[in-house]
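Note: the block below is protein-v8.cif and it holds mmCIF, N, CA and C atoms.
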```cif
data_data
#
loop_
_atom_site.label_atom_id
_atom_site.label_comp_id
_atom_site.auth_asym_id
_atom_site.auth_seq_id
_atom_site.Cartn_x
_atom_site.Cartn_y
_atom_site.Cartn_z
N MET A 1 20.45 -39.82 23.41
CA MET A 1 19.21 -39.32 22.86
C MET A 1 19.38 -37.85 22.52
N ARG A 2 19.10 -37.56 21.26
CA ARG A 2 19.27 -36.19 20.79
C ARG A 2 17.92 -35.46 20.82
N ILE A 3 17.87 -34.32 21.43
CA ILE A 3 16.64 -33.54 21.52
C ILE A 3 16.81 -32.30 20.64
N THR A 4 15.91 -32.14 19.71
CA THR A 4 15.97 -30.97 18.84
C THR A 4 15.26 -29.80 19.51
N PRO A 5 15.73 -28.60 19.26
CA PRO A 5 15.05 -27.45 19.86
C PRO A 5 13.65 -27.31 19.30
N LYS A 6 12.72 -26.96 20.16
CA LYS A 6 11.32 -26.83 19.75
C LYS A 6 11.15 -25.55 18.94
N THR A 7 10.51 -25.70 17.79
CA THR A 7 10.21 -24.57 16.94
C THR A 7 8.91 -23.95 17.42
N PRO A 8 8.86 -22.64 17.54
CA PRO A 8 7.58 -22.04 17.96
C PRO A 8 6.50 -22.35 16.92
N GLU A 9 5.33 -22.72 17.43
CA GLU A 9 4.23 -23.08 16.53
C GLU A 9 3.27 -21.91 16.41
N VAL A 10 2.65 -21.84 15.26
CA VAL A 10 1.65 -20.79 14.99
C VAL A 10 0.38 -21.45 14.51
N ARG A 11 -0.73 -20.78 14.72
CA ARG A 11 -2.02 -21.29 14.23
C ARG A 11 -2.23 -20.79 12.81
N VAL A 12 -2.70 -21.68 11.96
CA VAL A 12 -2.97 -21.33 10.58
C VAL A 12 -4.21 -20.44 10.53
N PRO A 13 -4.09 -19.25 9.94
CA PRO A 13 -5.28 -18.40 9.82
C PRO A 13 -6.20 -18.89 8.72
N ARG A 14 -7.39 -18.35 8.69
CA ARG A 14 -8.35 -18.71 7.63
C ARG A 14 -8.04 -17.86 6.41
N PHE A 15 -7.59 -18.52 5.34
CA PHE A 15 -7.29 -17.83 4.09
C PHE A 15 -8.47 -17.85 3.12
N VAL A 16 -9.39 -18.80 3.30
CA VAL A 16 -10.53 -18.93 2.39
C VAL A 16 -11.36 -17.65 2.44
N GLY A 17 -11.64 -17.11 1.26
CA GLY A 17 -12.41 -15.88 1.17
C GLY A 17 -11.55 -14.64 1.03
N LEU A 18 -10.26 -14.76 1.28
CA LEU A 18 -9.37 -13.61 1.14
C LEU A 18 -8.88 -13.47 -0.29
N MET A 19 -8.61 -12.24 -0.69
CA MET A 19 -7.97 -12.02 -1.98
C MET A 19 -6.51 -12.45 -1.87
N ALA A 20 -5.88 -12.70 -3.00
CA ALA A 20 -4.51 -13.20 -3.03
C ALA A 20 -3.56 -12.28 -2.25
N MET A 21 -3.65 -10.99 -2.48
CA MET A 21 -2.72 -10.08 -1.79
C MET A 21 -2.96 -10.07 -0.28
N ASP A 22 -4.22 -10.18 0.15
CA ASP A 22 -4.53 -10.23 1.58
C ASP A 22 -4.04 -11.54 2.20
N ALA A 23 -4.16 -12.64 1.45
CA ALA A 23 -3.68 -13.93 1.95
C ALA A 23 -2.16 -13.89 2.13
N ARG A 24 -1.46 -13.27 1.18
CA ARG A 24 0.00 -13.15 1.31
C ARG A 24 0.38 -12.35 2.55
N GLU A 25 -0.33 -11.25 2.78
CA GLU A 25 -0.04 -10.41 3.95
C GLU A 25 -0.33 -11.15 5.26
N ALA A 26 -1.45 -11.87 5.32
CA ALA A 26 -1.80 -12.61 6.53
C ALA A 26 -0.78 -13.72 6.81
N ALA A 27 -0.35 -14.39 5.75
CA ALA A 27 0.65 -15.44 5.92
C ALA A 27 1.97 -14.87 6.40
N LYS A 28 2.37 -13.77 5.83
CA LYS A 28 3.63 -13.12 6.22
C LYS A 28 3.58 -12.69 7.69
N ALA A 29 2.44 -12.16 8.12
CA ALA A 29 2.30 -11.71 9.51
C ALA A 29 2.41 -12.88 10.49
N GLN A 30 1.96 -14.07 10.08
CA GLN A 30 2.01 -15.25 10.95
C GLN A 30 3.32 -16.02 10.81
N GLY A 31 4.14 -15.68 9.81
CA GLY A 31 5.38 -16.42 9.59
C GLY A 31 5.15 -17.73 8.87
N ILE A 32 4.15 -17.76 7.99
CA ILE A 32 3.79 -18.95 7.22
C ILE A 32 4.08 -18.68 5.75
N LEU A 33 4.50 -19.71 5.04
CA LEU A 33 4.71 -19.60 3.60
C LEU A 33 3.49 -20.16 2.87
N LEU A 34 3.15 -19.55 1.75
CA LEU A 34 2.02 -20.03 0.95
C LEU A 34 2.51 -20.69 -0.32
N ALA A 35 1.88 -21.82 -0.65
CA ALA A 35 2.14 -22.52 -1.91
C ALA A 35 0.84 -22.54 -2.69
N THR A 36 0.93 -22.36 -4.00
CA THR A 36 -0.26 -22.34 -4.84
C THR A 36 -0.06 -23.30 -6.01
N PRO A 37 -0.53 -24.54 -5.86
CA PRO A 37 -0.36 -25.52 -6.92
C PRO A 37 -1.02 -25.11 -8.25
N ASP A 38 -2.09 -24.32 -8.20
CA ASP A 38 -2.79 -23.94 -9.42
C ASP A 38 -2.37 -22.59 -9.98
N ARG A 39 -1.49 -21.88 -9.31
CA ARG A 39 -1.06 -20.55 -9.77
C ARG A 39 0.45 -20.39 -9.66
N PRO A 40 1.20 -20.71 -10.74
CA PRO A 40 2.65 -20.50 -10.68
C PRO A 40 3.01 -19.02 -10.59
N ASP A 41 2.11 -18.14 -11.02
CA ASP A 41 2.36 -16.70 -10.96
C ASP A 41 1.73 -16.06 -9.72
N PHE A 42 1.76 -16.76 -8.61
CA PHE A 42 1.10 -16.31 -7.38
C PHE A 42 1.57 -14.93 -6.94
N HIS A 43 2.84 -14.64 -7.11
CA HIS A 43 3.36 -13.34 -6.67
C HIS A 43 2.76 -12.18 -7.46
N LEU A 44 2.18 -12.47 -8.64
CA LEU A 44 1.53 -11.43 -9.45
C LEU A 44 0.02 -11.40 -9.26
N THR A 45 -0.53 -12.44 -8.64
CA THR A 45 -1.98 -12.53 -8.45
C THR A 45 -2.42 -11.54 -7.39
N VAL A 46 -3.49 -10.79 -7.70
CA VAL A 46 -3.92 -9.75 -6.77
C VAL A 46 -5.34 -9.97 -6.27
N VAL A 47 -6.32 -10.01 -7.18
CA VAL A 47 -7.72 -9.99 -6.75
C VAL A 47 -8.44 -11.32 -6.84
N ASP A 48 -7.76 -12.41 -7.11
CA ASP A 48 -8.42 -13.71 -7.11
C ASP A 48 -8.63 -14.17 -5.68
N TYR A 49 -9.73 -14.87 -5.43
CA TYR A 49 -10.09 -15.26 -4.08
C TYR A 49 -9.68 -16.70 -3.78
N VAL A 50 -9.21 -16.91 -2.57
CA VAL A 50 -8.85 -18.26 -2.10
C VAL A 50 -10.14 -19.03 -1.86
N VAL A 51 -10.23 -20.25 -2.44
CA VAL A 51 -11.44 -21.06 -2.26
C VAL A 51 -11.17 -22.32 -1.43
N ARG A 52 -9.90 -22.67 -1.24
CA ARG A 52 -9.57 -23.86 -0.46
C ARG A 52 -8.17 -23.71 0.12
N GLN A 53 -7.93 -24.33 1.26
CA GLN A 53 -6.60 -24.30 1.86
C GLN A 53 -6.33 -25.60 2.59
N TYR A 54 -5.03 -25.92 2.71
CA TYR A 54 -4.60 -27.08 3.49
C TYR A 54 -3.25 -26.77 4.10
N PRO A 55 -3.10 -26.96 5.38
CA PRO A 55 -4.02 -27.44 6.40
C PRO A 55 -5.11 -26.42 6.70
N PRO A 56 -6.19 -26.91 7.32
CA PRO A 56 -7.33 -26.03 7.60
C PRO A 56 -7.00 -24.99 8.66
N PRO A 57 -7.83 -23.97 8.78
CA PRO A 57 -7.60 -22.93 9.77
C PRO A 57 -7.63 -23.49 11.19
N GLY A 58 -6.80 -22.91 12.05
CA GLY A 58 -6.77 -23.29 13.45
C GLY A 58 -5.77 -24.38 13.80
N VAL A 59 -5.22 -25.05 12.81
CA VAL A 59 -4.23 -26.10 13.05
C VAL A 59 -2.91 -25.45 13.43
N GLU A 60 -2.22 -26.03 14.38
CA GLU A 60 -0.91 -25.50 14.77
C GLU A 60 0.17 -26.13 13.89
N VAL A 61 0.99 -25.26 13.29
CA VAL A 61 2.09 -25.71 12.44
C VAL A 61 3.36 -24.99 12.90
N PRO A 62 4.53 -25.56 12.59
CA PRO A 62 5.77 -24.88 12.95
C PRO A 62 5.91 -23.55 12.20
N HIS A 63 6.58 -22.61 12.83
CA HIS A 63 6.85 -21.32 12.19
C HIS A 63 7.61 -21.59 10.89
N GLY A 64 7.18 -20.98 9.79
CA GLY A 64 7.83 -21.19 8.50
C GLY A 64 7.25 -22.35 7.70
N ALA A 65 6.19 -22.96 8.19
CA ALA A 65 5.57 -24.08 7.48
C ALA A 65 4.87 -23.58 6.22
N VAL A 66 4.61 -24.51 5.32
CA VAL A 66 3.96 -24.17 4.05
C VAL A 66 2.48 -24.55 4.11
N VAL A 67 1.63 -23.61 3.75
CA VAL A 67 0.19 -23.84 3.64
C VAL A 67 -0.17 -23.72 2.16
N SER A 68 -0.88 -24.70 1.63
CA SER A 68 -1.31 -24.67 0.23
C SER A 68 -2.67 -24.00 0.13
N VAL A 69 -2.80 -23.11 -0.85
CA VAL A 69 -4.08 -22.45 -1.11
C VAL A 69 -4.41 -22.58 -2.59
N TRP A 70 -5.72 -22.66 -2.89
CA TRP A 70 -6.20 -22.76 -4.26
C TRP A 70 -7.15 -21.60 -4.52
N PHE A 71 -7.18 -21.16 -5.76
CA PHE A 71 -7.98 -20.00 -6.14
C PHE A 71 -9.13 -20.37 -7.06
N ASP A 72 -10.14 -19.51 -7.05
CA ASP A 72 -11.25 -19.65 -7.98
C ASP A 72 -10.75 -19.26 -9.36
N LEU A 73 -11.23 -19.95 -10.39
CA LEU A 73 -10.83 -19.60 -11.74
C LEU A 73 -11.46 -18.28 -12.13
N GLY A 74 -10.66 -17.42 -12.74
CA GLY A 74 -11.14 -16.12 -13.15
C GLY A 74 -11.74 -16.14 -14.55
N GLU A 75 -12.06 -14.96 -15.06
CA GLU A 75 -12.64 -14.81 -16.40
C GLU A 75 -11.69 -15.39 -17.44
N GLY A 76 -12.21 -16.21 -18.32
CA GLY A 76 -11.42 -16.75 -19.41
C GLY A 76 -10.45 -17.85 -19.02
N GLU A 77 -10.55 -18.38 -17.83
CA GLU A 77 -9.63 -19.42 -17.37
C GLU A 77 -10.28 -20.79 -17.30
N GLY A 78 -11.42 -20.95 -17.93
CA GLY A 78 -12.06 -22.25 -17.94
C GLY A 78 -13.01 -22.47 -16.78
N GLY A 79 -13.44 -21.43 -16.14
CA GLY A 79 -14.39 -21.57 -15.04
C GLY A 79 -15.77 -21.92 -15.55
N GLY A 80 -16.70 -22.03 -14.68
CA GLY A 80 -18.07 -22.31 -15.08
C GLY A 80 -18.59 -23.62 -14.53
N GLY A 81 -17.71 -24.58 -14.35
CA GLY A 81 -18.11 -25.83 -13.73
C GLY A 81 -19.08 -26.67 -14.52
N ALA A 82 -19.10 -26.53 -15.85
CA ALA A 82 -20.03 -27.32 -16.65
C ALA A 82 -19.64 -28.79 -16.66
N GLY A 83 -18.36 -29.08 -16.58
CA GLY A 83 -17.93 -30.46 -16.56
C GLY A 83 -18.02 -31.13 -17.91
N VAL A 84 -17.82 -32.41 -17.95
CA VAL A 84 -17.85 -33.17 -19.19
C VAL A 84 -19.29 -33.56 -19.50
N ARG A 85 -19.68 -33.35 -20.72
CA ARG A 85 -21.03 -33.72 -21.15
C ARG A 85 -20.92 -34.99 -21.99
N GLU A 86 -21.52 -36.05 -21.54
CA GLU A 86 -21.52 -37.31 -22.27
C GLU A 86 -22.95 -37.66 -22.62
N PRO A 87 -23.13 -38.36 -23.75
CA PRO A 87 -24.51 -38.76 -24.07
C PRO A 87 -25.04 -39.76 -23.06
N ARG A 88 -26.28 -39.59 -22.67
CA ARG A 88 -26.91 -40.51 -21.73
C ARG A 88 -27.67 -41.57 -22.50
N LEU A 89 -27.28 -42.80 -22.34
CA LEU A 89 -27.97 -43.90 -23.01
C LEU A 89 -28.48 -44.87 -21.97
N PRO A 90 -29.64 -45.36 -22.01
CA PRO A 90 -30.68 -44.96 -22.96
C PRO A 90 -31.15 -43.55 -22.65
N ARG A 91 -31.63 -42.90 -23.65
CA ARG A 91 -32.09 -41.53 -23.49
C ARG A 91 -33.27 -41.48 -22.52
N PRO A 92 -33.39 -40.42 -21.75
CA PRO A 92 -34.53 -40.31 -20.84
C PRO A 92 -35.82 -40.14 -21.64
N PRO A 93 -36.95 -40.50 -21.07
CA PRO A 93 -38.22 -40.39 -21.80
C PRO A 93 -38.56 -38.94 -22.09
N ARG A 94 -39.22 -38.73 -23.21
CA ARG A 94 -39.67 -37.38 -23.54
C ARG A 94 -40.85 -37.05 -22.65
N GLY A 95 -41.00 -35.83 -22.34
CA GLY A 95 -42.10 -35.41 -21.48
C GLY A 95 -43.29 -34.94 -22.28
N GLY A 96 -44.22 -34.33 -21.65
CA GLY A 96 -45.37 -33.72 -22.31
C GLY A 96 -46.47 -34.73 -22.59
N MET A 97 -47.32 -34.37 -23.55
CA MET A 97 -48.50 -35.16 -23.87
C MET A 97 -48.14 -36.54 -24.44
N GLU A 98 -47.08 -36.62 -25.24
CA GLU A 98 -46.71 -37.92 -25.80
C GLU A 98 -46.42 -38.92 -24.69
N ARG A 99 -45.79 -38.49 -23.65
CA ARG A 99 -45.47 -39.38 -22.53
C ARG A 99 -46.74 -39.83 -21.83
N GLU A 100 -47.71 -38.96 -21.73
CA GLU A 100 -48.95 -39.28 -21.04
C GLU A 100 -49.79 -40.30 -21.82
N LEU A 101 -49.69 -40.30 -23.15
CA LEU A 101 -50.50 -41.19 -23.96
C LEU A 101 -49.99 -42.63 -23.93
N GLY A 102 -48.73 -42.87 -23.56
CA GLY A 102 -48.19 -44.21 -23.52
C GLY A 102 -48.05 -44.80 -24.91
N GLN A 103 -47.18 -44.24 -25.72
CA GLN A 103 -46.96 -44.69 -27.09
C GLN A 103 -46.56 -46.17 -27.12
N PRO A 104 -47.04 -46.94 -28.10
CA PRO A 104 -46.64 -48.33 -28.21
C PRO A 104 -45.16 -48.43 -28.54
N GLY A 105 -44.48 -49.39 -27.91
CA GLY A 105 -43.06 -49.58 -28.13
C GLY A 105 -42.18 -48.67 -27.30
N ASP A 106 -42.79 -47.89 -26.43
CA ASP A 106 -42.03 -47.00 -25.57
C ASP A 106 -41.35 -47.84 -24.50
N THR A 107 -40.02 -47.86 -24.47
CA THR A 107 -39.30 -48.67 -23.48
C THR A 107 -39.48 -48.14 -22.07
N PHE A 108 -39.93 -46.91 -21.93
CA PHE A 108 -40.11 -46.33 -20.61
C PHE A 108 -41.60 -46.21 -20.28
N GLU A 109 -42.40 -47.15 -20.74
CA GLU A 109 -43.82 -47.09 -20.51
C GLU A 109 -44.14 -47.03 -19.02
N ALA A 110 -45.06 -46.17 -18.68
CA ALA A 110 -45.41 -46.00 -17.27
C ALA A 110 -46.03 -47.27 -16.72
N ILE A 111 -45.67 -47.59 -15.50
CA ILE A 111 -46.23 -48.78 -14.84
C ILE A 111 -47.63 -48.42 -14.35
N ARG A 112 -48.61 -49.27 -14.71
CA ARG A 112 -49.99 -48.96 -14.33
C ARG A 112 -50.48 -49.93 -13.31
#
```

Using structure tokens, write down the structure that the file contains.
Amino acid sequence: MRITPKTPEVRVPRFVGLMAMDAREAAKAQGILLATPDRPDFHLTVVDYVVRQYPPPGVEVPHGAVVSVWFDLGEGEGGGGAGVREPRLPRPPRGGMERELGQPGDTFEAIR
């Protein structure tokens, strides 16, 4: 039976809310490597904020383990969160006075 030497474990710090440069410094101090799937230029990123991380804070990982972090989209990077806009069919009923009058042929006629 082969026993491997135990690697010292470290607790993952909370990177969420930190700027990129602060997250790099905190990871370096703990002996953790950071991976950024959404930022190939992570070494140049300075003021973008971490919005998600895996594994979560407080988990024990081996020294030198990789923690993935994701950043908020900055100006001009497609942020805004509007998502895909698709037409809604059937269309929702119009509001206002026309809706109150109960127009004939209205498929959304109010139940009385």

(request) Using atom N of Asp38 of chain A and atom C of Arg14 of chain A as the two end points, give the distance in Å to one decimal. (result)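 Interatomic distance, atom N of Asp38 of chain A to atom C of Arg14 of chain A: 17.0 Å.
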
(request) Please identify all polymer residues within 8 Å of Phe42 of chain A, counting only N, CA and C atoms, omitting same-chain residues fewer than 4 positions from it, and present them as a PyMOL selection string. (result) chain A and resi 20-21+35-36+38+46

Write a file of the just-selected residues containing N, CA and C atoms, as a CSV table (one decimal), in the frame of the given file.
```
chain,number,residue,atom,x,y,z
A,20,ALA,N,-5.9,-12.7,-3.0
A,20,ALA,CA,-4.5,-13.2,-3.0
A,20,ALA,C,-3.6,-12.3,-2.2
A,21,MET,N,-3.6,-11.0,-2.5
A,21,MET,CA,-2.7,-10.1,-1.8
A,21,MET,C,-3.0,-10.1,-0.3
A,35,ALA,N,1.9,-21.8,-0.6
A,35,ALA,CA,2.1,-22.5,-1.9
A,35,ALA,C,0.8,-22.5,-2.7
A,36,THR,N,0.9,-22.4,-4.0
A,36,THR,CA,-0.3,-22.3,-4.8
A,36,THR,C,-0.1,-23.3,-6.0
A,38,ASP,N,-2.1,-24.3,-8.2
A,38,ASP,CA,-2.8,-23.9,-9.4
A,38,ASP,C,-2.4,-22.6,-10.0
A,46,VAL,N,-3.5,-10.8,-7.7
A,46,VAL,CA,-3.9,-9.8,-6.8
A,46,VAL,C,-5.3,-10.0,-6.3
```

(message) If we draw a sphere of 7 Å around (8.7, -19.3, 14.0), which residues have at least one atom in it when counting all atoms listed in the file? Please report them as a list in words.
(response) Thr7, Pro8, Glu9, Val10, Gly31, Pro62, His63 and Gly64 of chain A

Could you save those same residues with N, CA and C atoms as a CSV table (one decimal), in the coordinates of the input?
```csv
chain,number,residue,atom,x,y,z
A,7,THR,N,10.5,-25.7,17.8
A,7,THR,CA,10.2,-24.6,16.9
A,7,THR,C,8.9,-24.0,17.4
A,8,PRO,N,8.9,-22.6,17.5
A,8,PRO,CA,7.6,-22.0,18.0
A,8,PRO,C,6.5,-22.4,16.9
A,9,GLU,N,5.3,-22.7,17.4
A,9,GLU,CA,4.2,-23.1,16.5
A,9,GLU,C,3.3,-21.9,16.4
A,10,VAL,N,2.6,-21.8,15.3
A,10,VAL,CA,1.6,-20.8,15.0
A,10,VAL,C,0.4,-21.4,14.5
A,31,GLY,N,4.1,-15.7,9.8
A,31,GLY,CA,5.4,-16.4,9.6
A,31,GLY,C,5.2,-17.7,8.9
A,62,PRO,N,4.5,-25.6,12.6
A,62,PRO,CA,5.8,-24.9,13.0
A,62,PRO,C,5.9,-23.6,12.2
A,63,HIS,N,6.6,-22.6,12.8
A,63,HIS,CA,6.8,-21.3,12.2
A,63,HIS,C,7.6,-21.6,10.9
A,64,GLY,N,7.2,-21.0,9.8
A,64,GLY,CA,7.8,-21.2,8.5
A,64,GLY,C,7.2,-22.4,7.7
```

(request) Could you give me, as a list in words, the residues within 6 Å of Val12 of chain A, counting only N, CA and C atoms and dropping anything in the same chain fewer than 6 positions from it? (result)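 In the requested format, the answer is Pro56, Pro57, Gly58, Val59, Glu60 and Val61 of chain A.
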
(request) Can you give me, as a ChimeraX atom specification, the residues this file yields under the PyMOL selection byres ((chain A and resi 52) around 7)? (result) /A:15-17,49-51,53-54,68-72

(request) Work out how far atom N of Leu44 of chain A is from atom CA of Lys28 of chain A, in Å to one decimal. (result)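 Taking atom CA of Lys28 of chain A and atom N of Leu44 of chain A, their separation equals 14.9 Å.
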
Give me the box for segment 46-64 of chain A as AutoDock Vina command-line options, namely the centre and edge lengths in Å to one decimal of a box along x, y and z that holds every listed atom plus 4 Å on each side.
```
--center_x -1.8 --center_y -18.6 --center_z 3.5 --size_x 27.3 --size_y 25.7 --size_z 30.5
```

(message) I'd like the interatomic distance between atom CA of Asp48 of chain A and atom CA of Ala23 of chain A, to a tenth of an Å.
(response)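 Between these atoms lies a distance of 10.2 Å.
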
(request) Please report, as a list of chain:residue names, each residue of segment 24-59 of chain A to which DSSP assigns alpha helix (DSSP H) when run on this structure's backbone. (result)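 Going through segment 24-59 of chain A, the alpha helix (DSSP H) residues come out as A:Arg24, A:Glu25, A:Ala26, A:Ala27, A:Lys28, A:Ala29, A:Gln30.
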
If I only have part of segment 27-48 of chain A, can you fill in N, CA, C and O atoms and write it as a PDB file, in the frame of the given file?
```pdb
ATOM      1  N   ALA A  27      -0.350 -14.390   5.750  1.00  0.00           N
ATOM      2  CA  ALA A  27       0.650 -15.440   5.920  1.00  0.00           C
ATOM      3  C   ALA A  27       1.970 -14.870   6.400  1.00  0.00           C
ATOM      4  O   ALA A  27       2.620 -15.427   7.298  1.00  0.00           O
ATOM      5  N   LYS A  28       2.370 -13.770   5.830  1.00  0.00           N
ATOM      6  CA  LYS A  28       3.630 -13.120   6.220  1.00  0.00           C
ATOM      7  C   LYS A  28       3.580 -12.690   7.690  1.00  0.00           C
ATOM      8  O   LYS A  28       4.557 -12.864   8.432  1.00  0.00           O
ATOM      9  N   ALA A  29       2.440 -12.160   8.120  1.00  0.00           N
ATOM     10  CA  ALA A  29       2.300 -11.710   9.510  1.00  0.00           C
ATOM     11  C   ALA A  29       2.410 -12.880  10.490  1.00  0.00           C
ATOM     12  O   ALA A  29       2.891 -12.705  11.606  1.00  0.00           O
ATOM     13  N   GLN A  30       1.960 -14.070  10.080  1.00  0.00           N
ATOM     14  CA  GLN A  30       2.010 -15.250  10.950  1.00  0.00           C
ATOM     15  C   GLN A  30       3.320 -16.020  10.810  1.00  0.00           C
ATOM     16  O   GLN A  30       3.567 -16.960  11.563  1.00  0.00           O
ATOM     17  N   GLY A  31       4.140 -15.680   9.810  1.00  0.00           N
ATOM     18  CA  GLY A  31       5.380 -16.420   9.590  1.00  0.00           C
ATOM     19  C   GLY A  31       5.150 -17.730   8.870  1.00  0.00           C
ATOM     20  O   GLY A  31       5.856 -18.713   9.085  1.00  0.00           O
ATOM     21  N   ILE A  32       4.150 -17.760   7.990  1.00  0.00           N
ATOM     22  CA  ILE A  32       3.790 -18.950   7.220  1.00  0.00           C
ATOM     23  C   ILE A  32       4.080 -18.680   5.750  1.00  0.00           C
ATOM     24  O   ILE A  32       3.915 -17.557   5.267  1.00  0.00           O
ATOM     25  N   LEU A  33       4.500 -19.710   5.040  1.00  0.00           N
ATOM     26  CA  LEU A  33       4.710 -19.600   3.600  1.00  0.00           C
ATOM     27  C   LEU A  33       3.490 -20.160   2.870  1.00  0.00           C
ATOM     28  O   LEU A  33       2.884 -21.115   3.328  1.00  0.00           O
ATOM     29  N   LEU A  34       3.150 -19.550   1.750  1.00  0.00           N
ATOM     30  CA  LEU A  34       2.020 -20.030   0.950  1.00  0.00           C
ATOM     31  C   LEU A  34       2.510 -20.690  -0.320  1.00  0.00           C
ATOM     32  O   LEU A  34       3.411 -20.196  -0.973  1.00  0.00           O
ATOM     33  N   ALA A  35       1.880 -21.820  -0.650  1.00  0.00           N
ATOM     34  CA  ALA A  35       2.140 -22.520  -1.910  1.00  0.00           C
ATOM     35  C   ALA A  35       0.840 -22.540  -2.690  1.00  0.00           C
ATOM     36  O   ALA A  35      -0.234 -22.726  -2.112  1.00  0.00           O
ATOM     37  N   THR A  36       0.930 -22.360  -4.000  1.00  0.00           N
ATOM     38  CA  THR A  36      -0.260 -22.340  -4.840  1.00  0.00           C
ATOM     39  C   THR A  36      -0.060 -23.300  -6.010  1.00  0.00           C
ATOM     40  O   THR A  36       0.500 -22.928  -7.025  1.00  0.00           O
ATOM     41  N   PRO A  37      -0.530 -24.540  -5.860  1.00  0.00           N
ATOM     42  CA  PRO A  37      -0.360 -25.520  -6.920  1.00  0.00           C
ATOM     43  C   PRO A  37      -1.020 -25.110  -8.250  1.00  0.00           C
ATOM     44  O   PRO A  37      -0.563 -25.500  -9.305  1.00  0.00           O
ATOM     45  N   ASP A  38      -2.090 -24.320  -8.200  1.00  0.00           N
ATOM     46  CA  ASP A  38      -2.790 -23.940  -9.420  1.00  0.00           C
ATOM     47  C   ASP A  38      -2.370 -22.590  -9.980  1.00  0.00           C
ATOM     48  O   ASP A  38      -2.865 -22.168 -11.007  1.00  0.00           O
ATOM     49  N   ARG A  39      -1.490 -21.880  -9.310  1.00  0.00           N
ATOM     50  CA  ARG A  39      -1.060 -20.550  -9.770  1.00  0.00           C
ATOM     51  C   ARG A  39       0.450 -20.390  -9.660  1.00  0.00           C
ATOM     52  O   ARG A  39       0.975 -19.967  -8.644  1.00  0.00           O
ATOM     53  N   PRO A  40       1.200 -20.710 -10.740  1.00  0.00           N
ATOM     54  CA  PRO A  40       2.650 -20.500 -10.680  1.00  0.00           C
ATOM     55  C   PRO A  40       3.010 -19.020 -10.590  1.00  0.00           C
ATOM     56  O   PRO A  40       4.080 -18.670 -10.106  1.00  0.00           O
ATOM     57  N   ASP A  41       2.110 -18.140 -11.020  1.00  0.00           N
ATOM     58  CA  ASP A  41       2.360 -16.700 -10.960  1.00  0.00           C
ATOM     59  C   ASP A  41       1.730 -16.060  -9.720  1.00  0.00           C
ATOM     60  O   ASP A  41       1.266 -14.929  -9.762  1.00  0.00           O
ATOM     61  N   PHE A  42       1.760 -16.760  -8.610  1.00  0.00           N
ATOM     62  CA  PHE A  42       1.100 -16.310  -7.380  1.00  0.00           C
ATOM     63  C   PHE A  42       1.570 -14.930  -6.940  1.00  0.00           C
ATOM     64  O   PHE A  42       0.788 -14.117  -6.460  1.00  0.00           O
ATOM     65  N   HIS A  43       2.840 -14.640  -7.110  1.00  0.00           N
ATOM     66  CA  HIS A  43       3.360 -13.340  -6.670  1.00  0.00           C
ATOM     67  C   HIS A  43       2.760 -12.180  -7.460  1.00  0.00           C
ATOM     68  O   HIS A  43       2.785 -11.044  -7.005  1.00  0.00           O
ATOM     69  N   LEU A  44       2.180 -12.470  -8.640  1.00  0.00           N
ATOM     70  CA  LEU A  44       1.530 -11.430  -9.450  1.00  0.00           C
ATOM     71  C   LEU A  44       0.020 -11.400  -9.260  1.00  0.00           C
ATOM     72  O   LEU A  44      -0.642 -10.453  -9.663  1.00  0.00           O
ATOM     73  N   THR A  45      -0.530 -12.440  -8.640  1.00  0.00           N
ATOM     74  CA  THR A  45      -1.980 -12.530  -8.450  1.00  0.00           C
ATOM     75  C   THR A  45      -2.420 -11.540  -7.390  1.00  0.00           C
ATOM     76  O   THR A  45      -1.824 -11.472  -6.325  1.00  0.00           O
ATOM     77  N   VAL A  46      -3.490 -10.790  -7.700  1.00  0.00           N
ATOM     78  CA  VAL A  46      -3.920  -9.750  -6.770  1.00  0.00           C
ATOM     79  C   VAL A  46      -5.340  -9.970  -6.270  1.00  0.00           C
ATOM     80  O   VAL A  46      -5.570 -10.105  -5.077  1.00  0.00           O
ATOM     81  N   VAL A  47      -6.320 -10.010  -7.180  1.00  0.00           N
ATOM     82  CA  VAL A  47      -7.720  -9.990  -6.750  1.00  0.00           C
ATOM     83  C   VAL A  47      -8.440 -11.320  -6.840  1.00  0.00           C
ATOM     84  O   VAL A  47      -9.646 -11.373  -6.650  1.00  0.00           O
ATOM     85  N   ASP A  48      -7.760 -12.410  -7.110  1.00  0.00           N
ATOM     86  CA  ASP A  48      -8.420 -13.710  -7.110  1.00  0.00           C
ATOM     87  C   ASP A  48      -8.630 -14.170  -5.680  1.00  0.00           C
ATOM     88  O   ASP A  48      -7.796 -13.904  -4.806  1.00  0.00           O
TER      89      ASP A  48
END
```
